[in-house]
Amino acid sequence: MYKLLLCWRYLRTRWIALASVVSVTLGVATMIVVNAVMAGFSHEMQTRIHGILSDIVFEAHSLSGFQDPVWHMEEIRRAAGDDIAGMTPTVAVPAMLSFQVRGQWITRQIMFIGIDETTHAYVSDFGRYLQHPGNRERLSFALREGGYDTVDSQSDGPGPTRPALEGAGWPHRRMRVERERVWREKLEADRAKAAADQAAEGVQPASAVGPVRPVDQQVDAVLAATSQSAAAAVASDQPKAPDPFKAARPDEGRAMDPAKEQFTGIVPGIGLASFRDSTGVDRFLVLPGDDVKVTFPTAGTPPKAVSDTFTVVDFYESKMSEYDSNFVFVPIAQLQRMRGMIDPQSGLASVNSIQIKLKDGADLDVVRDRLRKVFPADMYAVSTWRDKQGPLLSAVEMEMSVLNILLFLIIAVAGFGILAIFFMIVVEKTRDIGILKSLGAGSTGIAGIFLGYGLFLGLVGAGAGLGLGLAIVWNINSIRAGVEWCTGQRVFDPSIYYFFKIPTIIEPFTIFWIIAGAVAIAVASSVLPALRAARLHPVEALRHD
Amino acid sequence: MIKASSLLRVRDLRKSYRSGDHRLEVLRGVDFDLATGEFVAVVGQSGSGKSTLLHLMGLLDAADSGEIELGEMRIDRLPSARRDRLRNSAIGMVFQAYHLLPELDALENVLAPLMVRHGVIEWLRVRREARARAAELLARFGLGGRLHHKPRQLSGGEMQRVAIARALVTQPRVLLADEPTGNLDEATGGEILDTLCELNRADGLSIVLVTHDAAIARRADRIVRLAAGRVEAA
């Protein structure tokens, strides 16, 4: 009983010991915060990667792919049918995306992915990452009549605002077409005016130098300067006049009204079309409704580059910048047709890969190995999403374990602090130890006081650390805002991470081990002082001043 | 004077301390007897070995040779756990410097030996009774109003009375007092001595009192003189 009482009294009267516990507290708090943030990042990343890649990716080595995906899917189902929940074929080719911003052409290197619009969203999380609620529900490559999200649908809080998406869709397209028309008319009017001026000036010298223009043409030119409709008529009579919009849009020659019709729809990654400014607002270079050009290789050997015009119908945002600034999705049938992937004789299309979704609880590696056995490895590559991102995932895992080791060393250092302070307390309490021995306390009992004291301190320190750590984790985003406000330095730049908030996950199991470790270190570092106290000779201890 | 059979018997007790190559013989064959209910004063100059004798009898130290018997049992060769238990239950000790635990108040200091004796669960059962006994002892020594004062809030005499109460709360068979008045003024020391004499007379407590002061020693039933590690013939 005296052990408990004395532990308690020492805890209350020896505040210096609590100083050594502060380092335990800080160590525990840091570990909890770091683990929560790392787990949050890692989980977020895994979900994103998994969201794109489906469970198992079955692909051909060659860029031309393999023929007859239906037969392949049947074979896959035969090999591992019990575990398969769904499959979808895809075609992926490297390509170039070009679009015009303020008269300048911007070209980006992309991965052009043909997807099946009915099944793709089921196999991966693709659908969740789109900006139009209707497309998230059910993907369509037809341009929507507005209604795109102006705030990030994936962030549960103040996400990036996208005021630009307010009018995206058909309204944007109609406005653009209208603006282009007005601009073109103005240009042509200017040109006609210039021609008229030239004609007027050339009235006198013309008789000597050049061929005399017919008078009716001169009259037309003068009229054109005053009447827009006439100007348009005149312009159409001048085929040599350079028209920048005509040059940019060869398809315009087709009988098609861009205000009412669209080209084949595509869904580019949001990173291709926008950038995030330092205030966290997304600025768009291209909006749904705009037309872009994509240049991609055909399926033949050697591949030839072909281009076509597409209409942006939505954006894809997985929050993995690598994907968001690289992927562009297009209906698979269109891509197969344009690349010449359909065999003219058999009518069978080729695909590059088949994305496979497994049923819940199915073992990825087992299914992968089963498929590998069936399909020859020199033609097909079968891999799980983890295999695909193996190096990245293992790098994050290693980072986490190294950090944990380092942080645990901090707590170990705190252990040495406890050791030193306990030795001091044992020296200070030498006489009391002698008194307790004279009252009949045994050596084990004396050692127990100090071990118990160490346990108390460890629990107090770890408990305080737990509270502090959880408080930090729960408020990490306001703390970040506070630090940014104080220092003026950006701690967490959303334009880099694509997360607007710092993601955190608290794993009870990890916290349990952190606390158990901290308490164990506190107890372990009180063992030596406790042994020293136990070995004190009572008579000498009583004489100690 | 007729006394009951001998309670504490010491035979040919030897103890030496080693400091470097030098060997200091403190006790060179001490024989000592204490009858039940007797009050014996051990006197001697500083370094005569009287405190060492007391520590050996109180099982705080081990002798080089010789025997100590308490009642009919030899107690100097017992395993440490039994020595601890004996020290807790059969022997009460009072020191010159009081040796109270500064973190505990007067009542808790008196209860300390009982807490040492009982585990936590057992303590919860005996707590009420133990507190009552400790409070009663303190009240008897005039400290009824100071139960919850820390040692530093008490005077020297009060601290020594708390220490005596602590020694007696276990109802020991013998009380060993090492210069209990050494740190006190004459009047207060006299009160402490009165208390001890009164305990001896009224309760029949067997007391060994170590002192260098002949005047104090005269209050005892019998005086044993130690000089150069041996008992001098009276």
# chains A, B, ... in the order shown; residues from 1 in each chain; ligands from 1
$ interface_residues --of "chain A" --to "chain B" --cutoff "9 Å" --atoms "only C-alpha atoms" --output "ChimeraX atom specification"
/A:1-6,9-10,13,431-432,434-443,445,537-539,542
$ write_last_selection --atoms "N, CA and C atoms" --output "short mmCIF file (atom, residue, chain, number, x, y, z; two decimals), in the first residue's frame"
data_model
loop_
_atom_site.label_atom_id
_atom_site.label_comp_id
_atom_site.auth_asym_id
_atom_site.auth_seq_id
_atom_site.Cartn_x
_atom_site.Cartn_y
_atom_site.Cartn_z
N MET A 1 0.83 -1.20 0.00
CA MET A 1 0.00 0.00 0.00
C MET A 1 0.87 1.26 0.00
N TYR A 2 1.94 1.21 0.80
CA TYR A 2 2.80 2.40 0.91
C TYR A 2 3.39 2.77 -0.44
N LYS A 3 3.54 1.75 -1.31
CA LYS A 3 4.11 2.04 -2.64
C LYS A 3 3.22 2.99 -3.40
N LEU A 4 1.94 2.63 -3.45
CA LEU A 4 0.98 3.47 -4.18
C LEU A 4 0.95 4.88 -3.62
N LEU A 5 0.86 4.93 -2.26
CA LEU A 5 0.75 6.24 -1.61
C LEU A 5 1.98 7.08 -1.93
N LEU A 6 3.15 6.47 -1.81
CA LEU A 6 4.38 7.25 -2.03
C LEU A 6 4.54 7.64 -3.49
N ARG A 9 2.36 10.52 -3.91
CA ARG A 9 2.88 11.73 -3.28
C ARG A 9 4.09 12.27 -4.03
N TYR A 10 4.94 11.36 -4.50
CA TYR A 10 6.13 11.81 -5.24
C TYR A 10 5.71 12.48 -6.54
N THR A 13 4.59 15.93 -5.68
CA THR A 13 5.52 16.89 -5.09
C THR A 13 6.80 17.05 -5.91
N ARG A 431 17.47 8.90 2.42
CA ARG A 431 17.11 8.74 3.83
C ARG A 431 15.72 8.14 3.97
N ASP A 432 14.80 8.60 3.11
CA ASP A 432 13.45 8.04 3.18
C ASP A 432 13.45 6.55 2.87
N GLY A 434 15.93 4.58 3.57
CA GLY A 434 16.40 3.97 4.81
C GLY A 434 15.28 3.86 5.83
N ILE A 435 14.48 4.91 5.95
CA ILE A 435 13.36 4.89 6.91
C ILE A 435 12.41 3.76 6.58
N LEU A 436 12.04 3.66 5.28
CA LEU A 436 11.10 2.62 4.88
C LEU A 436 11.67 1.25 5.18
N LYS A 437 12.99 1.09 4.96
CA LYS A 437 13.58 -0.22 5.27
C LYS A 437 13.55 -0.47 6.77
N SER A 438 13.76 0.57 7.58
CA SER A 438 13.72 0.37 9.03
C SER A 438 12.31 0.04 9.48
N LEU A 439 11.33 0.42 8.67
CA LEU A 439 9.94 0.08 9.01
C LEU A 439 9.56 -1.29 8.48
N GLY A 440 10.52 -1.96 7.83
CA GLY A 440 10.25 -3.32 7.40
C GLY A 440 9.95 -3.46 5.92
N ALA A 441 10.14 -2.40 5.13
CA ALA A 441 9.92 -2.53 3.70
C ALA A 441 11.06 -3.33 3.07
N GLY A 442 10.72 -4.25 2.17
CA GLY A 442 11.75 -5.06 1.53
C GLY A 442 12.35 -4.36 0.32
N SER A 443 13.42 -4.95 -0.18
CA SER A 443 14.09 -4.36 -1.35
C SER A 443 13.16 -4.32 -2.56
N GLY A 445 9.99 -4.10 -2.50
CA GLY A 445 9.00 -3.05 -2.30
C GLY A 445 9.56 -1.69 -2.66
N HIS A 537 21.99 0.36 1.51
CA HIS A 537 22.12 -0.22 2.83
C HIS A 537 21.34 0.64 3.81
N PRO A 538 20.46 0.02 4.60
CA PRO A 538 19.57 0.84 5.43
C PRO A 538 20.31 1.76 6.39
N VAL A 539 21.38 1.25 7.02
CA VAL A 539 22.07 2.08 8.03
C VAL A 539 22.71 3.28 7.35
N LEU A 542 20.10 5.74 6.31
CA LEU A 542 19.57 6.53 7.43
C LEU A 542 20.53 7.66 7.82
#
$ residues_around --residues "A:Gly289" --least-positions-apart "3" --cutoff "7 Å" --atoms "only C-alpha atoms" --output "JSON, numbers by chain"
{"A": [143, 168, 169, 170, 172, 173, 311, 312, 313]}
$ select_by_dssp --residues "stretch 24-128 of chain B" --states "strand (DSSP E)" --output "list in words"
Leu24, Glu25, Val26, Leu27, Arg28, Gly29, Val30, Asp31, Phe32, Asp33, Leu34, Ala35, Phe39, Val40, Ala41, Val42, Val43, Ser65, Gly66, Glu67, Ile68, Glu69, Leu70, Met73, Arg74, Ile91, Gly92, Met93 and Val94 of chain B
$ select_by_dssp --residues "stretch 251-296 of chain A" --states "alpha helix (DSSP H)" --output "ChimeraX atom specification"
/A:270-273
$ write_last_selection --atoms "N, CA and C atoms" --output "PDB file, in the first residue's frame"
ATOM      1  N   ILE A 270      -8.175  17.182 -65.144  1.00  0.00           N
ATOM      2  CA  ILE A 270      -8.373  18.586 -64.834  1.00  0.00           C
ATOM      3  C   ILE A 270      -7.049  19.355 -64.842  1.00  0.00           C
ATOM      4  N   GLY A 271      -5.958  18.637 -64.554  1.00  0.00           N
ATOM      5  CA  GLY A 271      -4.650  19.284 -64.529  1.00  0.00           C
ATOM      6  C   GLY A 271      -4.193  19.736 -65.903  1.00  0.00           C
ATOM      7  N   LEU A 272      -4.758  19.143 -66.951  1.00  0.00           N
ATOM      8  CA  LEU A 272      -4.384  19.526 -68.311  1.00  0.00           C
ATOM      9  C   LEU A 272      -5.012  20.854 -68.687  1.00  0.00           C
ATOM     10  N   ALA A 273      -6.175  21.115 -68.092  1.00  0.00           N
ATOM     11  CA  ALA A 273      -6.961  22.244 -68.540  1.00  0.00           C
ATOM     12  C   ALA A 273      -6.943  23.404 -67.559  1.00  0.00           C
TER      13      ALA A 273
END
$ residues_around --residues "B:Arg219" --least-positions-apart "5" --cutoff "12 Å" --atoms "only C-alpha atoms" --output "compact mmCIF listing (two decimals) with N, CA and C atoms, in the first residue's frame"
# COMPACT_ATOMS: atom_id res chain seq x y z
N GLU B 38 11.53 -4.39 30.63
CA GLU B 38 12.64 -3.66 31.21
C GLU B 38 12.97 -2.42 30.38
N PHE B 39 13.52 -1.39 30.99
CA PHE B 39 13.94 -0.15 30.34
C PHE B 39 15.43 -0.02 30.59
N VAL B 40 16.22 -0.31 29.54
CA VAL B 40 17.67 -0.31 29.70
C VAL B 40 18.26 0.84 28.91
N ALA B 41 19.19 1.57 29.51
CA ALA B 41 19.91 2.61 28.80
C ALA B 41 21.29 2.11 28.45
N VAL B 42 21.69 2.27 27.19
CA VAL B 42 23.04 1.92 26.78
C VAL B 42 23.79 3.23 26.64
N GLY B 190 13.01 16.13 27.99
CA GLY B 190 12.46 15.58 29.21
C GLY B 190 11.05 15.04 28.99
N ILE B 192 9.84 13.89 26.22
CA ILE B 192 9.95 12.65 25.46
C ILE B 192 10.31 11.50 26.40
N LEU B 193 11.27 11.79 27.29
CA LEU B 193 11.69 10.75 28.23
C LEU B 193 10.54 10.35 29.14
N ASP B 194 9.77 11.35 29.58
CA ASP B 194 8.60 11.05 30.41
C ASP B 194 7.67 10.12 29.67
N THR B 195 7.48 10.43 28.38
CA THR B 195 6.60 9.59 27.56
C THR B 195 7.10 8.15 27.54
N LEU B 196 8.42 8.00 27.32
CA LEU B 196 8.98 6.64 27.25
C LEU B 196 8.81 5.92 28.58
N CYS B 197 9.14 6.63 29.68
CA CYS B 197 9.02 6.02 31.01
C CYS B 197 7.59 5.59 31.27
N GLU B 198 6.67 6.46 30.87
CA GLU B 198 5.25 6.19 31.10
C GLU B 198 4.81 4.96 30.30
N ASN B 200 6.78 2.54 29.46
CA ASN B 200 7.42 1.38 30.11
C ASN B 200 6.61 0.95 31.34
N ARG B 201 6.22 1.97 32.13
CA ARG B 201 5.52 1.64 33.37
C ARG B 201 4.11 1.16 33.10
N ILE B 207 12.19 -1.40 26.53
CA ILE B 207 12.82 -0.30 25.80
C ILE B 207 14.34 -0.41 25.92
N VAL B 208 15.04 -0.25 24.79
CA VAL B 208 16.48 -0.05 24.84
C VAL B 208 16.73 1.38 24.38
N LEU B 209 17.34 2.18 25.24
CA LEU B 209 17.59 3.58 24.92
C LEU B 209 19.08 3.78 24.82
N THR B 211 22.11 6.45 24.53
CA THR B 211 22.38 7.86 24.75
C THR B 211 23.82 8.04 25.21
N ASP B 213 24.29 10.68 27.24
CA ASP B 213 24.01 11.57 28.36
C ASP B 213 23.68 10.76 29.61
N ALA B 214 24.54 10.84 30.59
CA ALA B 214 24.36 10.04 31.81
C ALA B 214 23.09 10.44 32.53
$ residues_around --residues "stretch 348-364 of chain A" --least-positions-apart "4" --cutoff "7 Å" --atoms "only C-alpha atoms" --output "PyMOL selection string"
chain A and resi 54-60+63-69+83-92+123+336+341-343+368+384
$ closest_residue --among "B:Ala177, B:Leu205, B:Ala187, B:Ile223" --to "B:Gln96" --atoms "only C-alpha atoms"
B:Ala177
$ residues_around --residues "A:Val374" --least-positions-apart "5" --cutoff "10 Å" --atoms "only C-alpha atoms" --output "list in words"
Glu75, Ile76, Arg78, Ala79, Ala80 and Asp369 of chain A
$ atom_distance --atom1 "atom CA of A:Leu468" --atom2 "atom CA of A:His43"
23.1 Å
$ residues_around --residues "B:Leu70" --least-positions-apart "3" --cutoff "6 Å" --atoms "only C-alpha atoms" --output "mmCIF file with C-alpha atoms, in the first residue's frame"
data_model
loop_
_atom_site.group_PDB
_atom_site.id
_atom_site.type_symbol
_atom_site.label_atom_id
_atom_site.label_comp_id
_atom_site.auth_asym_id
_atom_site.auth_seq_id
_atom_site.Cartn_x
_atom_site.Cartn_y
_atom_site.Cartn_z
ATOM 1 C CA LEU B 7 13.297 -10.943 25.866
ATOM 2 C CA LEU B 8 16.351 -9.919 23.892
ATOM 3 C CA MET B 73 14.159 -17.329 18.333
#
